[in-house]
Amino acid sequence: MNRALTLIRRRLIGGIFVLLIVVIGTFLLLEAAPGDAVDAYIASTGGDAGMIELLRHNWGLDQSALTRLANYLWALLHLDLGQSLAFSRPIREVILERLPNTLLLMGSATALSFGLGSALGIYAGARPGSFRDRFLSIGSLALYAVPGFWFGLVLIIVFAVDLRWFPIGGIESIASGKAGLDRAVDIARHLILPVSALGFIYLALYLRMMRAGMAEAWRQDFVLAARARGLSRRRIVLAHVARNALLPLVTMLGLQSAQMLGGSVVIESVFSVPGLGRLAQEAVAARDTPLLLGIILVSAVLVILINLLVDIAYAVLDPRVGASEAGA
Amino acid sequence: MSPLCRFLRTPEAVAGAIILVALFAMALTAPLFFPRDPQAIAGPALLPPFQDWSLPLGTDRLGRDVTAELFHGARTSLAVGLAAAAAALVIGAVVGTLAGFAGGLVDEMLMRITDAFQTVPSFLLALAFVSVVGPSLGVVVAAIALGAWTGPARVARAEVLSIRERDFVAGARVIGMHPLEIAFREVLPNALPPVLALSSVIVAAAILTEAALSFLGLGDPNRVTWGGMIAEGRTVLRTAPFLSIVPGIALVLTVLGVYLAGEGVVETTAVRRSLS
């Protein structure tokens with residue numbers, strides 16, 4: 001337990017440093033954007049030069065860049081992300097409202113790509129060099145070449161427009177009055193296409209990693225030993241070869257989370273899922289830079305947290321990890 | 001056996017090379033075959049493909065020639081993909097070399113910045129950058145490179161860490177070369193092969209990112225892009241799905257070609273290095 005705690009503390013300190021750099025980066029981007037919050041406010045309400053001066057002073061925008069950065073950091077420390085120009089509401093509220101949908105989409109897509117990807121990887125890696133191995137390798141490469149948003153459109157054309165099996169977009173039927181289990185089924189039906197679009201793209205990665213890891217594991221001595229003991233091929237594949245190839249995939253899970261968040265921007269736009277990604281696109285369309293940068297900050301926090309969870313899972317799965325750090 | 005021969009003996013690599021050659025031919029001959037502005041109206045709107053042989057792939061919602069758009073779109077995709085990947089590789093190699101060779105505080109700071117760039121989803125970063133600076137070809141290239149240099153930087157750093165302990169680096173120190181000169185003239189060239197091995201993956205990712213950006217309306221508005229064509233076709237998805245399907249297939253083939261050819265090159269050079 002001590003080992004895991006040391007690991008968490010180290011990662012958290014590193015994460016705070018990284019977050020600080022991200023905050024400074026977003027602040028610089030905010031400064032580079034033409035116009036400031038007052039310009040945007042005046043553009044929507046109107047006002048004269050005197051009022052602009054007053055607002056600039058009141059909002060602290062007439063101070064030096066360093067003071068403004070300090071103010072920005074101070075506000076962030078209180079979890080205050082500022083005011084959204086497009087929604088005229090606190091950015092934190094807007095983001096928290098959309099976050100669950102994105103987490104649901106990402107979580108399901110990750111489960112799909114990790115589960116199916118590693119299963120197919122085991123199937124391919126059980127017999128390296130065989131026909132099915134080559135077929136799956138080339139197939140996964142082709143899948144990797146497909147742009148997610150286009151794949152989503154093709155799924156819509158086939159399954160929503162032609163076959164009418166699934167709804168064309170959204171997260172649930174509007175004003176259906178459904179509750180409880182009915183509502184969950186409704187949301188699941190809406191999520192099948194976007195989750196497939198997002199999940200299948202990243203499936204290739206896990207498949208290829210699993211396959212490569214297994215090809216490597218087949219050459220190890222313990223596999224030879226297992227063979228010599230007369231274990232069945234099935235048992236060797238699952239309990240010895242696949243098990244050893246699985247660990248790097250867990251690391252990949254964390255590394256991929258940032259990619260997955262980026263991918264969900266386009267997928268959510270294609271399927272009109274009201275999540276964080278679609279919010280980013282709306283922020284771009286409405287030229288709402290503070291909201292966009294708020295989304296970036298929240299995504300960075302999310303990625304850091306996911307990686308922390310992956311590290312903990314890794315430490316639990318592999319007793320060698322962090323043992324030396326805790327001992328020191 | 002020469003590397004070219006070995007390259008040509010793997011069917012996947014040959015398929016990739018053929019796709020890439022066809023693509024470059026399309027990009028280079030676009031102004032020759034379609035000298036008119038591809039964004040100009042060429043015929044009746046929403047003409048289906050294979051109806052009129054002067055407009056083989058039909059026209060879009062505004063009556064623009066889809067074939068001409070496809071050819072001109074190849075130019076944008078390739079230009080952005082190659083330029084962004086080149087920029088990312090250069091930035092990554094320089095940052096990685098500096099971090100690995102200098103060590104200490106410089107290394108620590110550069111690697112934390114690399115961490116920060118890897119923590120922010122690169123597509124969101126590109127989105128924010130383009131929307132703040134304004135969409136143009138150069139900005140799109142910079143935005144994509146901004147999210148893609150971290151991989152090469154890490155690989156370059158790892159390579160430099162092992163190279164800087166070699167004898168020839170100590171030799172360069174002894175003859176009094178400036179550390180920066182050692183880093184960039186002696187160490188960097190030797191660290192390049194594994195960094196360059198990443199180029200096909202980075203070019204492919206850059207092409208996909210460019211397509212996604214222009215799909216969301218953040219591409220250069222004065223240029224035809226495949227992503228933009230797909231977005232345009234999306235508005236008539238029910239009646240004319242081919243308008244989104246055709247440029248999408250072009251994208252898939254392009255990225256697949258880059259992957260296959262890249263894997264072929266890496267494999268042939270890897271064999272050569274392990275033999276020597």
# chains A, B, ... in the order shown; residues from 1 in each chain; ligands from 1
>>> interface_residues(of="chain A", to="chain B", cutoff="6 Å", atoms="only C-alpha atoms", output="list in words")
Val18, Val22, Ala33, Ala145, Val146, Ala258, Gln259, Gly262 and Ala300 of chain A
>>> residues_around(residues="B:Ala88", least_positions_apart="2", cutoff="6 Å", atoms="only C-alpha atoms", output="VMD selection string")
chain B and resid 85 to 86 90 to 92 145 148 to 149
>>> write_last_selection(atoms="C-alpha atoms", output="tab-separated table (two decimals), in the first residue's frame")
chain	number	residue	atom	x	y	z
B	85	ALA	CA	5.42	16.44	-40.35
B	86	ALA	CA	8.69	18.09	-41.41
B	90	VAL	CA	12.68	19.37	-36.87
B	91	ILE	CA	11.24	20.82	-33.65
B	92	GLY	CA	11.25	17.40	-31.99
B	145	ALA	CA	3.09	20.54	-35.85
B	148	ALA	CA	3.02	16.33	-33.16
B	149	TRP	CA	6.58	17.21	-32.12
>>> closest_residue(among="B:Val169, B:Cys5, B:Ala93, B:Met229", to="B:Leu196", atoms="only C-alpha atoms")
B:Ala93
>>> atom_distance(atom1="atom CA of A:Val241", atom2="atom CA of A:Arg211")
10.3 Å
>>> atom_distance(atom1="atom CA of B:Asp60", atom2="atom CA of B:Val236")
9.2 Å
>>> select_by_dssp(residues="stretch 9-238 of chain A", states="helix (DSSP H, G or I)", output="ChimeraX atom specification")
/A:9-32,37-45,49-58,65-77,91-125,131-144,148-162,180-218,221-228,233-238
>>> atom_distance(atom1="atom CA of A:Val265", atom2="atom CA of A:Ala280")
7.1 Å
>>> residues_around(residues="B:Pro49", least_positions_apart="5", cutoff="9 Å", atoms="only C-alpha atoms", output="list in words")
Leu55, Pro56, Leu57, Gly58, Thr59, Val66 and Phe242 of chain B
>>> residues_around(residues="B:His72", least_positions_apart="6", cutoff="9 Å", atoms="only C-alpha atoms", output="JSON list (two decimals) with C-alpha atoms, in the first residue's frame")
[["chain", "number", "residue", "atom", "x", "y", "z"],
["B", 26, "MET", "CA", -2.80, 13.85, -59.03],
["B", 27, "ALA", "CA", -1.41, 16.71, -56.97],
["B", 30, "ALA", "CA", -4.14, 19.22, -60.96],
["B", 31, "PRO", "CA", -3.40, 22.67, -62.50],
["B", 34, "PHE", "CA", -8.11, 21.37, -64.21],
["B", 38, "PRO", "CA", -11.92, 24.22, -58.62],
["B", 223, "ARG", "CA", -8.32, 26.08, -50.85],
["B", 224, "VAL", "CA", -10.17, 22.91, -51.65],
["B", 225, "THR", "CA", -9.66, 20.28, -48.95]]
>>> residues_around(residues="stretch 139-144 of chain B", least_positions_apart="2", cutoff="6 Å", atoms="only C-alpha atoms", output="tab-separated table (two decimals) with C-alpha atoms, in the first residue's frame")
chain	number	residue	atom	x	y	z
B	80	VAL	CA	-0.07	20.19	-45.25
B	84	ALA	CA	3.51	19.71	-40.74
B	126	ALA	CA	-4.83	22.66	-32.99
B	129	PHE	CA	-4.59	27.67	-32.18
B	136	SER	CA	-4.72	29.85	-43.37
B	137	LEU	CA	-2.49	27.13	-44.77
B	146	LEU	CA	2.41	21.98	-32.38
B	147	GLY	CA	0.72	18.75	-31.32
>>> closest_residue(among="A:Leu81, A:Leu198, A:Leu54, A:Ala111", to="A:Phe151", atoms="only C-alpha atoms")
A:Leu198
>>> closest_residue(among="B:Leu62, B:Ala153, B:Leu243, B:Ala206", to="B:Gly100", atoms="only C-alpha atoms")
B:Ala153
>>> residues_around(residues="B:Gly264", least_positions_apart="4", cutoff="10 Å", atoms="only C-alpha atoms", output="JSON, numbers by chain")
{"B": [6, 7, 8, 9, 10, 11, 12, 13, 14, 16, 17, 258, 259, 260, 268, 269, 270]}
>>> residues_around(residues="B:Arg36", least_positions_apart="3", cutoff="12 Å", atoms="only C-alpha atoms", output="list in words")
Ala30, Pro31, Leu32, Phe33, Gln39, Ala40, Ile41, Ala42, Arg64, Asp65, Ala68, Glu69, Phe71 and His72 of chain B
